[in-house]
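So this block is final_13.txt, compact mmCIF, C-alpha atoms and all ligand atoms:
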# COMPACT_ATOMS: atom_id res chain seq x y z
CA MET A 1 14.30 17.38 32.25
CA THR A 2 14.31 17.13 28.46
CA GLY A 3 11.26 17.92 26.35
CA TYR A 4 10.88 14.21 25.70
CA GLU A 5 10.97 13.32 29.39
CA ALA A 6 8.37 15.96 30.21
CA ALA A 7 6.15 14.67 27.43
CA LYS A 8 6.60 11.09 28.59
CA GLU A 9 5.33 12.10 32.06
CA LYS A 10 2.23 13.71 30.58
CA TYR A 11 1.37 10.51 28.73
CA LYS A 12 2.16 8.40 31.77
CA ALA A 13 -0.40 10.36 33.80
CA LEU A 14 -3.00 9.10 31.31
CA GLY A 15 -1.78 5.53 31.52
CA VAL A 16 0.15 5.61 28.22
CA ASP A 17 3.60 4.02 28.02
CA VAL A 18 5.35 5.87 25.20
CA GLU A 19 8.45 3.67 25.38
CA LYS A 20 6.28 0.65 24.66
CA ALA A 21 4.55 2.53 21.85
CA MET A 22 7.85 3.26 20.10
CA GLU A 23 9.05 -0.30 20.62
CA THR A 24 5.88 -1.69 19.04
CA LEU A 25 5.87 0.75 16.15
CA LYS A 26 9.42 0.15 14.99
CA ASN A 27 8.74 -3.54 14.39
CA VAL A 28 5.44 -3.30 12.51
CA PRO A 29 5.97 -3.89 8.78
CA VAL A 30 4.45 -1.38 6.37
CA SER A 31 4.57 -2.19 2.69
CA LEU A 32 6.48 0.41 0.71
CA HIS A 33 5.42 0.66 -2.94
CA CYS A 34 8.19 1.10 -5.48
CA TRP A 35 5.82 2.70 -8.00
CA GLN A 36 5.85 6.20 -6.48
CA LEU A 37 9.41 6.52 -7.76
CA ASP A 38 8.76 6.03 -11.49
CA ASP A 39 5.13 7.13 -11.96
CA VAL A 40 3.85 3.50 -12.08
CA ILE A 41 5.60 2.77 -15.38
CA GLY A 42 7.77 -0.29 -14.68
CA PHE A 43 10.41 -1.85 -16.92
CA ASP A 44 8.53 -4.26 -19.17
CA ASN A 45 6.78 -1.80 -21.47
CA ASP A 46 7.38 1.52 -23.14
CA GLY A 47 3.80 2.47 -23.64
CA GLY A 48 3.36 4.40 -20.41
CA LEU A 49 0.67 4.02 -17.77
CA THR A 50 -2.77 2.97 -19.03
CA GLY A 51 -5.76 1.19 -17.54
CA GLY A 52 -7.89 3.18 -15.12
CA ILE A 53 -5.15 4.95 -13.17
CA GLN A 54 -3.16 8.04 -13.94
CA THR A 55 -0.22 9.99 -12.61
CA THR A 56 -0.01 13.72 -13.21
CA GLY A 57 3.03 15.96 -13.29
CA ASN A 58 6.48 15.78 -14.81
CA TYR A 59 8.87 16.69 -12.02
CA PRO A 60 12.41 15.95 -13.19
CA GLY A 61 14.43 12.97 -11.97
CA ARG A 62 12.06 10.04 -12.47
CA ALA A 63 13.78 6.67 -11.94
CA LYS A 64 14.11 5.06 -15.37
CA THR A 65 16.21 1.96 -14.69
CA PRO A 66 16.14 -0.73 -12.00
CA GLU A 67 19.40 0.66 -10.59
CA GLN A 68 17.97 4.17 -10.32
CA LEU A 69 14.78 2.92 -8.74
CA MET A 70 16.67 0.92 -6.15
CA THR A 71 19.05 3.76 -5.32
CA ASP A 72 16.12 6.16 -4.95
CA MET A 73 14.34 3.73 -2.70
CA GLU A 74 17.42 3.38 -0.53
CA GLU A 75 17.60 7.15 -0.32
CA ALA A 76 13.96 7.34 0.78
CA MET A 77 14.47 4.55 3.30
CA LYS A 78 17.28 6.50 4.98
CA LEU A 79 14.60 9.02 5.90
CA MET A 80 12.07 6.54 7.22
CA PRO A 81 11.86 5.24 10.77
CA GLY A 82 10.28 1.81 11.38
CA THR A 83 10.13 -1.32 9.24
CA ALA A 84 9.40 -1.30 5.52
CA LYS A 85 8.41 -4.26 3.40
CA LEU A 86 9.08 -4.02 -0.33
CA ASN A 87 6.01 -3.84 -2.58
CA ILE A 88 6.52 -4.36 -6.32
CA HIS A 89 4.42 -5.00 -9.40
CA ALA A 90 4.99 -7.65 -12.07
CA SER A 91 5.76 -4.84 -14.52
CA TYR A 92 8.98 -4.27 -12.55
CA ALA A 93 10.53 -7.52 -13.82
CA ILE A 94 14.23 -7.07 -14.49
CA PHE A 95 15.49 -8.71 -17.68
CA GLU A 96 19.01 -9.44 -18.78
CA PRO A 97 20.09 -7.49 -21.88
CA GLY A 98 18.25 -8.92 -24.89
CA GLU A 99 15.94 -11.00 -22.72
CA PHE A 100 12.16 -10.53 -22.50
CA ALA A 101 9.27 -12.52 -21.09
CA ASP A 102 5.67 -11.49 -21.53
CA ARG A 103 3.44 -11.22 -18.47
CA ASN A 104 2.09 -14.77 -18.88
CA ALA A 105 5.61 -16.19 -18.95
CA LEU A 106 7.24 -14.37 -16.05
CA GLU A 107 9.44 -16.45 -13.81
CA PRO A 108 11.09 -16.03 -10.42
CA LYS A 109 14.44 -15.40 -12.08
CA HIS A 110 13.11 -12.15 -13.52
CA PHE A 111 12.81 -10.87 -9.96
CA ALA A 112 16.07 -12.19 -8.55
CA LYS A 113 17.52 -8.68 -8.32
CA TRP A 114 14.58 -7.59 -6.20
CA VAL A 115 15.16 -10.51 -3.86
CA GLU A 116 18.78 -9.45 -3.57
CA PHE A 117 17.66 -5.90 -2.77
CA ALA A 118 15.14 -7.11 -0.18
CA LYS A 119 17.67 -9.36 1.51
CA LYS A 120 20.20 -6.56 1.68
CA HIS A 121 17.68 -4.47 3.60
CA HIS A 122 16.08 -7.33 5.59
CA MET A 123 12.76 -6.73 3.94
CA GLY A 124 9.92 -9.06 3.05
CA ILE A 125 8.30 -8.62 -0.37
CA ASP A 126 4.67 -8.10 -1.39
CA PHE A 127 3.66 -8.59 -4.99
CA ASN A 128 1.07 -7.47 -7.52
CA PRO A 129 0.25 -8.99 -10.88
CA THR A 130 0.02 -6.11 -13.37
CA PHE A 131 -3.25 -6.14 -15.27
CA PHE A 132 -2.69 -2.75 -16.94
CA SER A 133 -0.23 -0.92 -19.22
CA HIS A 134 -0.21 -3.79 -21.72
CA GLU A 135 -1.49 -4.39 -25.26
CA LYS A 136 -3.44 -7.46 -24.16
CA VAL A 137 -5.84 -5.32 -22.13
CA LYS A 138 -8.66 -5.76 -24.63
CA ASN A 139 -11.34 -3.10 -24.74
CA GLY A 140 -10.48 -2.20 -21.17
CA LEU A 141 -10.89 -5.78 -19.93
CA THR A 142 -8.51 -8.47 -18.68
CA LEU A 143 -9.73 -11.20 -16.32
CA SER A 144 -13.35 -10.40 -17.15
CA SER A 145 -12.92 -10.28 -20.93
CA PRO A 146 -15.44 -12.19 -23.08
CA ASP A 147 -12.52 -13.01 -25.36
CA GLU A 148 -11.25 -16.36 -24.08
CA GLU A 149 -7.73 -15.91 -25.42
CA THR A 150 -7.38 -12.58 -23.62
CA ARG A 151 -8.81 -13.98 -20.43
CA LYS A 152 -6.47 -16.98 -20.57
CA PHE A 153 -3.46 -14.74 -21.05
CA TRP A 154 -4.30 -12.84 -17.88
CA ILE A 155 -5.15 -15.97 -15.89
CA ASP A 156 -1.75 -17.33 -16.84
CA HIS A 157 -0.23 -14.05 -15.68
CA GLY A 158 -1.95 -14.44 -12.31
CA LYS A 159 -0.71 -18.01 -11.97
CA ALA A 160 2.85 -16.99 -12.83
CA CYS A 161 2.58 -14.34 -10.11
CA ILE A 162 1.50 -16.91 -7.53
CA ARG A 163 4.67 -18.87 -8.27
CA ILE A 164 6.77 -15.71 -8.04
CA SER A 165 5.07 -14.74 -4.75
CA GLU A 166 5.92 -18.12 -3.27
CA TYR A 167 9.52 -17.66 -4.38
CA PHE A 168 9.62 -14.28 -2.62
CA ALA A 169 8.24 -15.76 0.59
CA LYS A 170 10.71 -18.64 0.56
CA GLU A 171 13.65 -16.37 -0.14
CA THR A 172 12.82 -13.70 2.42
CA GLY A 173 11.28 -15.93 5.10
CA MET A 174 8.24 -13.64 5.24
CA PRO A 175 4.80 -14.25 3.72
CA CYS A 176 4.07 -12.47 0.46
CA VAL A 177 0.75 -10.65 0.08
CA MET A 178 -0.30 -10.94 -3.57
CA ASN A 179 -2.86 -8.36 -4.56
CA ILE A 180 -5.18 -8.74 -7.53
CA TRP A 181 -6.48 -5.44 -8.88
CA THR A 182 -7.76 -4.91 -12.39
CA GLY A 183 -9.11 -1.75 -13.96
CA ASP A 184 -11.75 -3.80 -15.78
CA GLY A 185 -14.91 -1.82 -16.37
CA PHE A 186 -16.89 0.37 -18.77
CA LYS A 187 -16.92 4.04 -19.57
CA ASP A 188 -20.61 4.01 -20.31
CA VAL A 189 -23.69 2.18 -19.17
CA PRO A 190 -23.19 -1.55 -19.79
CA ALA A 191 -25.82 -3.95 -21.12
CA ASP A 192 -24.53 -6.81 -18.98
CA ARG A 193 -23.23 -6.21 -15.48
CA MET A 194 -23.24 -9.78 -14.24
CA GLY A 195 -21.47 -11.54 -17.13
CA PRO A 196 -18.12 -9.79 -16.62
CA ARG A 197 -18.35 -10.45 -12.89
CA MET A 198 -18.99 -14.17 -13.41
CA ARG A 199 -15.97 -14.33 -15.72
CA TYR A 200 -13.88 -12.35 -13.22
CA LYS A 201 -14.92 -14.76 -10.46
CA ASP A 202 -13.99 -17.77 -12.58
CA SER A 203 -10.65 -16.21 -13.56
CA ILE A 204 -9.61 -15.50 -9.97
CA GLU A 205 -10.66 -19.02 -9.00
CA GLN A 206 -8.46 -20.38 -11.77
CA ILE A 207 -5.53 -18.24 -10.63
CA LEU A 208 -5.95 -19.46 -7.06
CA SER A 209 -6.10 -23.06 -8.24
CA GLU A 210 -2.37 -22.81 -8.88
CA PRO A 211 -0.85 -24.85 -6.04
CA TYR A 212 0.79 -22.73 -3.34
CA ASP A 213 1.51 -22.79 0.38
CA LYS A 214 -1.15 -20.75 2.15
CA ASN A 215 1.28 -19.79 4.89
CA LEU A 216 3.62 -18.28 2.33
CA VAL A 217 1.35 -16.62 -0.21
CA LYS A 218 -1.52 -14.43 0.93
CA PRO A 219 -3.68 -13.57 -2.07
CA CYS A 220 -6.11 -10.68 -1.87
CA VAL A 221 -8.59 -8.91 -4.13
CA GLU A 222 -8.83 -5.11 -4.28
CA SER A 223 -12.13 -3.40 -5.02
CA LYS A 224 -12.78 -0.07 -6.69
CA VAL A 225 -15.76 2.17 -7.26
CA PHE A 226 -14.64 3.65 -10.61
CA GLY A 227 -11.53 4.60 -12.57
CA ILE A 228 -10.50 7.01 -15.30
CA GLY A 229 -12.23 5.92 -18.50
CA VAL A 230 -14.31 3.37 -16.59
CA GLU A 231 -16.67 5.75 -14.85
CA SER A 232 -19.92 3.83 -15.25
CA TYR A 233 -19.10 0.33 -14.12
CA THR A 234 -16.26 -1.49 -12.36
CA VAL A 235 -16.20 -5.28 -12.44
CA GLY A 236 -14.34 -5.67 -9.13
CA SER A 237 -16.75 -3.64 -7.02
CA ALA A 238 -16.78 -3.63 -3.20
CA GLU A 239 -19.57 -6.21 -2.93
CA PHE A 240 -17.88 -8.42 -5.49
CA THR A 241 -14.49 -8.54 -3.80
CA LEU A 242 -15.85 -8.77 -0.25
CA SER A 243 -18.08 -11.66 -1.20
CA PHE A 244 -15.32 -13.35 -3.16
CA ALA A 245 -12.95 -13.17 -0.19
CA ALA A 246 -15.63 -14.26 2.28
CA LEU A 247 -16.40 -17.37 0.27
CA HIS A 248 -12.87 -18.35 -0.77
CA ASP A 249 -10.78 -19.62 2.06
CA GLY A 250 -7.35 -18.04 2.18
CA CYS A 251 -8.22 -15.08 -0.05
CA MET A 252 -8.32 -11.72 1.71
CA PRO A 253 -10.16 -8.57 0.71
CA LEU A 254 -8.10 -5.41 0.19
CA MET A 255 -9.58 -2.00 0.87
CA ASP A 256 -7.93 1.02 -0.74
CA ASN A 257 -9.29 4.12 0.95
CA GLY A 258 -9.29 5.98 -2.38
CA HIS A 259 -11.74 3.48 -3.82
CA TYR A 260 -15.00 4.50 -2.19
CA HIS A 261 -17.41 7.35 -2.46
CA PRO A 262 -15.87 10.41 -0.80
CA MET A 263 -18.23 10.28 2.18
CA GLU A 264 -17.50 6.61 2.88
CA TYR A 265 -14.75 6.09 5.43
CA VAL A 266 -12.44 3.10 5.51
CA SER A 267 -11.73 3.88 9.18
CA ASP A 268 -15.30 2.80 9.87
CA LYS A 269 -15.03 -0.23 7.61
CA ILE A 270 -11.93 -1.57 9.41
CA PRO A 271 -13.73 -2.54 12.66
CA ALA A 272 -16.65 -3.96 10.67
CA MET A 273 -14.29 -6.19 8.74
CA LEU A 274 -12.45 -7.22 11.90
CA CYS A 275 -15.72 -8.74 13.15
CA PHE A 276 -15.64 -11.26 10.32
CA TYR A 277 -12.34 -11.58 8.48
CA PRO A 278 -9.39 -13.21 10.22
CA GLU A 279 -7.07 -11.12 8.04
CA PHE A 280 -7.39 -8.40 5.41
CA ALA A 281 -5.24 -5.88 3.60
CA LEU A 282 -5.25 -2.11 3.15
CA HIS A 283 -3.97 0.31 0.56
CA ILE A 284 -3.39 3.54 2.41
CA THR A 285 -3.60 6.60 0.21
CA ARG A 286 -5.21 10.04 0.08
CA GLY A 287 -8.03 10.75 -2.27
CA VAL A 288 -8.69 14.41 -2.90
CA ARG A 289 -12.27 14.58 -4.20
CA TRP A 290 -11.71 11.26 -5.97
CA ASP A 291 -9.17 8.41 -6.19
CA SER A 292 -6.41 10.90 -6.92
CA ASP A 293 -3.69 8.94 -5.09
CA HIS A 294 -2.23 12.04 -3.42
CA VAL A 295 0.72 11.51 -1.08
CA LEU A 296 -0.40 10.47 2.39
CA ILE A 297 -0.34 13.25 4.98
CA LEU A 298 -1.34 13.31 8.63
CA ASP A 299 -4.97 14.19 8.04
CA ASP A 300 -7.95 13.19 10.15
CA GLU A 301 -8.95 10.09 8.20
CA THR A 302 -5.36 8.80 8.17
CA LYS A 303 -5.25 9.16 11.96
CA GLU A 304 -8.64 7.53 12.35
CA MET A 305 -7.64 4.50 10.25
CA ALA A 306 -4.50 4.02 12.36
CA LYS A 307 -6.60 4.27 15.53
CA GLU A 308 -8.93 1.50 14.41
CA ILE A 309 -6.03 -0.87 13.78
CA VAL A 310 -4.28 -0.06 17.06
CA ARG A 311 -7.22 0.04 19.45
CA ASN A 312 -8.53 -3.25 18.11
CA ASP A 313 -5.12 -4.81 18.57
CA ALA A 314 -5.05 -5.82 14.91
CA PHE A 315 -1.44 -5.43 13.78
CA ASP A 316 -1.24 -9.15 13.08
CA ARG A 317 -4.53 -9.19 11.15
CA VAL A 318 -4.22 -6.15 8.91
CA TYR A 319 -1.60 -6.00 6.15
CA MET A 320 -0.80 -2.34 5.67
CA ALA A 321 0.48 -1.14 2.31
CA LEU A 322 0.97 2.37 0.97
CA ASP A 323 -0.39 3.29 -2.45
CA TYR A 324 0.04 6.83 -3.74
CA PHE A 325 1.85 8.38 -6.67
CA ASP A 326 2.53 12.02 -7.38
CA ALA A 327 4.69 12.94 -10.35
CA SER A 328 4.52 16.69 -9.71
CA ILE A 329 6.94 16.80 -6.77
CA ASN A 330 10.25 15.22 -5.77
CA ARG A 331 9.34 11.53 -5.77
CA ILE A 332 11.71 10.52 -2.99
CA SER A 333 10.30 13.25 -0.80
CA ALA A 334 6.81 12.01 -1.69
CA LEU A 335 7.57 8.38 -0.88
CA ALA A 336 9.24 9.18 2.43
CA THR A 337 6.67 11.79 3.48
CA GLY A 338 3.84 9.32 3.02
CA PHE A 339 5.65 6.61 4.94
CA ARG A 340 6.47 9.03 7.77
CA SER A 341 2.86 10.22 7.87
CA TRP A 342 1.62 6.68 8.40
CA GLN A 343 4.26 6.16 11.10
CA LYS A 344 3.06 9.34 12.79
CA ALA A 345 -0.56 8.22 12.61
CA LEU A 346 0.34 4.86 14.14
CA LEU A 347 2.46 6.49 16.84
CA MET A 348 -0.40 8.82 17.74
CA ALA A 349 -2.78 5.87 17.92
CA LEU A 350 -0.36 3.93 20.10
CA CYS A 351 -0.01 6.96 22.41
CA THR A 352 -3.76 7.42 22.81
CA PRO A 353 -5.30 6.40 26.14
CA ASN A 354 -7.62 4.04 24.31
CA GLU A 355 -8.75 2.08 27.37
CA MET A 356 -9.77 5.21 29.22
CA LEU A 357 -11.68 6.61 26.24
CA LYS A 358 -13.45 3.33 25.63
CA GLU A 359 -14.50 3.20 29.27
CA LEU A 360 -16.06 6.65 28.92
CA GLN A 361 -18.05 5.43 25.93
CA ASP A 362 -19.16 2.23 27.63
CA THR A 363 -20.34 4.12 30.71
CA ASN A 364 -22.13 6.66 28.52
CA GLN A 365 -20.00 9.60 29.67
CA MET A 366 -20.25 11.17 26.23
CA SER A 367 -19.67 14.78 27.30
CA LYS A 368 -16.45 13.82 29.03
CA LEU A 369 -15.47 11.65 26.07
CA MET A 370 -15.68 14.65 23.76
CA VAL A 371 -13.63 16.77 26.16
CA MET A 372 -10.99 14.07 26.58
CA ASN A 373 -10.80 13.37 22.86
CA GLU A 374 -10.08 17.06 22.34
CA ALA A 375 -7.54 17.06 25.18
CA VAL A 376 -5.69 14.09 23.66
CA LYS A 377 -5.22 16.04 20.43
CA MET A 378 -3.13 18.60 22.31
CA LEU A 379 -0.74 16.12 23.95
CA PRO A 380 2.94 16.66 23.01
CA ILE A 381 3.14 13.92 20.38
CA GLY A 382 5.81 15.92 18.51
CA GLU A 383 8.30 15.25 21.31
CA ILE A 384 7.66 11.51 21.12
CA TRP A 385 7.96 11.56 17.33
CA GLU A 386 11.28 13.40 17.51
CA GLU A 387 12.58 10.93 20.06
CA TYR A 388 11.42 8.04 17.85
CA CYS A 389 13.24 9.52 14.83
CA ARG A 390 16.34 10.05 16.97
CA ARG A 391 16.33 6.45 18.14
CA GLU A 392 15.73 5.18 14.61
CA GLY A 393 18.59 7.33 13.34
CA VAL A 394 16.55 9.36 10.85
CA ALA A 395 16.23 13.11 10.37
CA ASP A 396 13.50 14.98 12.23
CA ASP A 397 10.83 16.85 10.28
CA LEU A 398 12.76 20.10 10.16
CA HIS A 399 15.93 18.52 8.76
CA PHE A 400 14.27 15.90 6.60
CA PHE A 401 14.25 18.00 3.45
CA ASP A 402 17.95 18.91 3.61
CA GLU A 403 18.85 15.34 2.64
CA ILE A 404 16.38 15.35 -0.21
CA GLU A 405 17.66 18.62 -1.63
CA LYS A 406 21.21 17.33 -1.50
CA TYR A 407 20.25 14.13 -3.37
CA GLU A 408 18.23 16.11 -5.88
CA ASN A 409 21.21 18.33 -6.67
CA GLU A 410 23.78 15.58 -6.71
CA VAL A 411 21.82 12.78 -8.38
CA LEU A 412 18.36 13.57 -9.72
CA LYS A 413 19.22 16.78 -11.58
CA LYS A 414 21.94 14.94 -13.48
CA ARG A 415 19.48 12.42 -14.90
CA ILE A 416 18.33 13.01 -18.45
C1 LIG A 501 -5.53 1.44 -8.56
C2 LIG A 501 -5.25 0.59 -7.37
C3 LIG A 501 -4.00 -0.22 -7.43
C4 LIG A 501 -2.82 0.52 -7.98
C5 LIG A 501 -1.50 -0.18 -7.85
C6 LIG A 501 -0.46 0.41 -8.72
O1 LIG A 501 -6.59 2.28 -8.39
O2 LIG A 501 -5.25 1.38 -6.21
O3 LIG A 501 -3.72 -0.73 -6.18
O4 LIG A 501 -2.70 1.78 -7.40
O5 LIG A 501 -1.65 -1.52 -8.06
ZN ZN A 502 -4.67 0.44 -4.43

Conversion result in C-alpha cells:
Amino acid sequence: MTGYEAAKEKYKALGVDVEKAMETLKNVPVSLHCWQLDDVIGFDNDGGLTGGIQTTGNYPGRAKTPEQLMTDMEEAMKLMPGTAKLNIHASYAIFEPGEFADRNALEPKHFAKWVEFAKKHHMGIDFNPTFFSHEKVKNGLTLSSPDEETRKFWIDHGKACIRISEYFAKETGMPCVMNIWTGDGFKDVPADRMGPRMRYKDSIEQILSEPYDKNLVKPCVESKVFGIGVESYTVGSAEFTLSFAALHDGCMPLMDNGHYHPMEYVSDKIPAMLCFYPEFALHITRGVRWDSDHVLILDDETKEMAKEIVRNDAFDRVYMALDYFDASINRISALATGFRSWQKALLMALCTPNEMLKELQDTNQMSKLMVMNEAVKMLPIGEIWEEYCRREGVADDLHFFDEIEKYENEVLKKRI
C-alpha cells in the first residue's frame, strides 16, 4: 500500500472522500494577481507606487516589461496546481510604441495582449481600476475629492474599466470581477468625515451607471481600516462599503483580510456575510501586525478562512483573489508559494470531516469536539497534497524550489 492509499483509508474512516476533495479543488478558480511580480508598479507610469500601499525590498529580477511579467507568471503557474484566474490592474495597460492613453481614456484594445495571454492559458480575467500611482490623485483623494475635475477624471476611469471588464468577460467567456479600491483618506484628524463619503458614494454610483451586463461584470467595493499616510481616516471604511453593497443591487463587498484591526478575523466575517449577501469577494493576504501584505502561508487564519468557505458550501458565492506583494524575496517563488498555500488550506478544509464536527457542536458534545478538532490536525494531509501535486503535474514542496533557482539563474539574474 502506498503512503497515499494508507492516508486515503484514514480519511475514509472519518467519512471523508479525498478523491472527491481533489476533484473539487482542481476546478475552483482562484484569482492570481499579476502585481506580486513587479512590486505593484505597472506599465503606465514611471513614478513608482504611491497611494496608501507600499512594497518593501529590492530583490533582483523584478519584471519590467509586459513580456517579462507574462513569462514570470507562466513560470509561477508551472508550479501551481489547480485553476488560476488572471487578476490585473488598469495600470498594466499595454501600449504600442509611441502610444499612450491616460486612465480616463483606457480602452479594451490596451488590454488585448492580456486577453491573448488569458486565452492561451484558459483563464478568466478579473480587473481593478487603478486609483493610485498617478498625478491626478489630488491631496490623497480620487473618487472622494472635493475638486470636481479630479473626481470626474476618476469617475471616467471607473467607467472605462467597466467597459474593459465587459470586454474581458466576453472574450474569455467567464465573468469579470471588477474591484474598486481607493486609498482615499487623511493622515490626520479630518474636519469632515461625511462629506468625502457622500462624494465617494456618488462617484461609485456614477461609475456603476455605465451600462453593462450584470452576468458578465461583477463590480465590488473593497474596504480598508487605514493605509500608509492615511492613518487617521479612510473614506471607504468597512461600514461604508458593506452598506454600499447591501443597498446597490449587483455590487458586491470585498473583504481583504489585511484591512481590519489585527484582532478582527475575516474567517468569522465570512459566515456572517453568507447569511445576507448572495455573493461577495475576498482578497486573501497575510497581515503581520498591520496590512503588510506578506506572502500567504499556511497559518491558522488562512486555514480557518478556507474552512468557512468549504463547510458552508460557498465556492459559487465567494470570489477568491490573492493579494500580497513582497519585493524582498524571489517574486515568482512568492507568487507560487502564496497560491499553493491557499490550495493547501482549501484541500485541508475539503478533507475535514465537517459533518461529523458540526454534529458534535449541535449535540453540545464540546469536549469531544475539541478532541476531534485536535485529532483532525494530525491526519496525513501531506500525503493527499503530494498526490494532488502529482496528478496536477507540479513539483512537490521539496522539489518546488529547484525550478525557481534554475529560472533565477537562467533568466532573472540576467535582467538589468
Ligand atoms: C490595498 C488593497 C488593494 C491593493 C491592490 C493592488 O490595500 O488591498 O486591493 O492591494 O489593488
Ligand atoms: Zn486588497

For the contact check between stretch 246-301 of chain A and stretch 56-61 of chain A, emit one row per residue of stretch 246-301 of chain A within 12 Å, containing the shortest atom pair and the distance in Å rounded to one decimal, counting only C-alpha atoms, chain then rising number order, as JSON lines.
{"residue": "A:Ser292", "atom": "CA", "partner": "A:Thr56", "partner_atom": "CA", "distance": 9.4}
{"residue": "A:Asp293", "atom": "CA", "partner": "A:Thr56", "partner_atom": "CA", "distance": 10.1}
{"residue": "A:His294", "atom": "CA", "partner": "A:Thr56", "partner_atom": "CA", "distance": 10.2}

Quiz item: Can I get the residues close to ligand ZN 502 (chain A) as a PyMOL selection string, where close means within 6 Å and we count only C-alpha atoms and all ligand atoms?
Solution: chain A and resi 256+283+323

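Restricting the calculation to all atoms listed in the file, the smallest distance between ligand LIG 501 (chain A) and any of A:Gln68, A:Asn179, A:Gln343, A:Thr302 is found for A:Asn179.
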
With the cut-off set at 8 Å and counting only C-alpha atoms and all ligand atoms, tabulate each residue of chain A with an atom at most that distance from an atom of ligand LIG 501 (chain A), showing the nearest atom pair and its distance in Å to one decimal, ordered by chain and increasing number, as JSON lines.
{"residue": "A:Trp35", "atom": "CA", "partner": "A:LIG501", "partner_atom": "C6", "distance": 6.7}
{"residue": "A:Val40", "atom": "CA", "partner": "A:LIG501", "partner_atom": "C6", "distance": 6.3}
{"residue": "A:Gly52", "atom": "CA", "partner": "A:LIG501", "partner_atom": "O1", "distance": 6.9}
{"residue": "A:Ile53", "atom": "CA", "partner": "A:LIG501", "partner_atom": "O1", "distance": 5.7}
{"residue": "A:His89", "atom": "CA", "partner": "A:LIG501", "partner_atom": "O5", "distance": 7.1}
{"residue": "A:Asn128", "atom": "CA", "partner": "A:LIG501", "partner_atom": "O5", "distance": 6.6}
{"residue": "A:Thr130", "atom": "CA", "partner": "A:LIG501", "partner_atom": "O5", "distance": 7.2}
{"residue": "A:Asn179", "atom": "CA", "partner": "A:LIG501", "partner_atom": "O5", "distance": 7.8}
{"residue": "A:Trp181", "atom": "CA", "partner": "A:LIG501", "partner_atom": "C3", "distance": 6.0}
{"residue": "A:Thr182", "atom": "CA", "partner": "A:LIG501", "partner_atom": "C1", "distance": 7.7}
{"residue": "A:Gly183", "atom": "CA", "partner": "A:LIG501", "partner_atom": "C1", "distance": 7.2}
{"residue": "A:Glu222", "atom": "CA", "partner": "A:LIG501", "partner_atom": "O3", "distance": 7.0}
{"residue": "A:Lys224", "atom": "CA", "partner": "A:LIG501", "partner_atom": "O1", "distance": 6.8}
{"residue": "A:Gly227", "atom": "CA", "partner": "A:LIG501", "partner_atom": "O1", "distance": 6.9}
{"residue": "A:Asp256", "atom": "CA", "partner": "A:LIG501", "partner_atom": "O2", "distance": 6.1}
{"residue": "A:Gly258", "atom": "CA", "partner": "A:LIG501", "partner_atom": "O2", "distance": 7.2}
{"residue": "A:His259", "atom": "CA", "partner": "A:LIG501", "partner_atom": "O1", "distance": 7.0}
{"residue": "A:His283", "atom": "CA", "partner": "A:LIG501", "partner_atom": "O3", "distance": 6.8}
{"residue": "A:Asp291", "atom": "CA", "partner": "A:LIG501", "partner_atom": "O1", "distance": 7.0}
{"residue": "A:Asp293", "atom": "CA", "partner": "A:LIG501", "partner_atom": "O4", "distance": 7.6}
{"residue": "A:Asp323", "atom": "CA", "partner": "A:LIG501", "partner_atom": "O4", "distance": 5.7}
{"residue": "A:Tyr324", "atom": "CA", "partner": "A:LIG501", "partner_atom": "O4", "distance": 6.8}

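Here atom CA of A:Pro146 is placed at a distance of 7.7 Å from atom CA of A:Arg199.
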
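Look at A:Asn45: the protein and nucleic acid residues within 10 Å of it, using only C-alpha atoms and passing over chain neighbours fewer than 2 places away, are Ile41, Gly42, Phe43, Gly47, Gly48, Leu49, Ser91, Tyr92, Asp102, Ser133, His134 and Glu135 of chain A.
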
Quiz item: Hey, can you pull every residue with an atom no more than 12 Å from (-17.7, -14.7, 9.7), using all atoms listed in the file, and send it as a PyMOL selection string?
Solution: chain A and resi 242-243+245-247+249+272-279

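Taking all atoms listed in the file into account, A:Asp316 lies nearest to A:Val30 out of the set A:Met263, A:Ile180, A:Ile284, A:Val30.
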
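Residues with any atom within 8 Å of A:Thr241, counting only C-alpha atoms and excluding same-chain neighbours fewer than 6 positions away, are Val221, Glu222, Ser223 and Pro253 of chain A.
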
Just write the chosen residues, C-alpha atoms, as a compact mmCIF listing (two decimals), keeping the file's coordinate frame.
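The result, written out as part21.txt:
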# COMPACT_ATOMS: atom_id res chain seq x y z
CA VAL A 221 -8.59 -8.91 -4.13
CA GLU A 222 -8.83 -5.11 -4.28
CA SER A 223 -12.13 -3.40 -5.02
CA PRO A 253 -10.16 -8.57 0.71

Quiz item: What separation in Å, quoted to one decimal, exists between atom CA of A:Cys220 and atom CA of A:Phe244?
Solution: 9.7 Å

Self-check item: Distance in Å - atom CA of A:Asn330 versus atom CA of A:Ala76
Solution: 10.9 Å

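Using all atoms listed in the file, the shortest contact distance between A:Asn373 and any of A:Arg197, A:Ser165, A:Pro353, A:Arg390 is found at A:Pro353.
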
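Close contacts of A:Asp39, defined as residues with an atom at most 7 Å away when counting all atoms listed in the file, with chain neighbours fewer than 3 positions off set aside, comprise Trp35, Gln36, Thr55, Phe325 and Ala327 of chain A.
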
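Closest to A:Asn104 among A:Lys218, A:Lys12, A:His248, A:Arg163 is A:Arg163, based on all atoms listed in the file.
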
Practice problem: For A:Ile309, list every protein, DNA or RNA residue within 9 Å, evaluated using all atoms listed in the file, and leave out those in the same chain fewer than 2 positions away; present the list as a ChimeraX atom specification. | Solution: /A:267,270-271,304-307,311-315,317-318,346,349

Output the selection as a short mmCIF file (atom, residue, chain, number, x, y, z; two decimals), keeping the file's coordinate frame - C-alpha atoms for each residue.
data_model
loop_
_atom_site.label_atom_id
_atom_site.label_comp_id
_atom_site.auth_asym_id
_atom_site.auth_seq_id
_atom_site.Cartn_x
_atom_site.Cartn_y
_atom_site.Cartn_z
CA SER A 267 -11.73 3.88 9.18
CA ILE A 270 -11.93 -1.57 9.41
CA PRO A 271 -13.73 -2.54 12.66
CA GLU A 304 -8.64 7.53 12.35
CA MET A 305 -7.64 4.50 10.25
CA ALA A 306 -4.50 4.02 12.36
CA LYS A 307 -6.60 4.27 15.53
CA ARG A 311 -7.22 0.04 19.45
CA ASN A 312 -8.53 -3.25 18.11
CA ASP A 313 -5.12 -4.81 18.57
CA ALA A 314 -5.05 -5.82 14.91
CA PHE A 315 -1.44 -5.43 13.78
CA ARG A 317 -4.53 -9.19 11.15
CA VAL A 318 -4.22 -6.15 8.91
CA LEU A 346 0.34 4.86 14.14
CA ALA A 349 -2.78 5.87 17.92
#
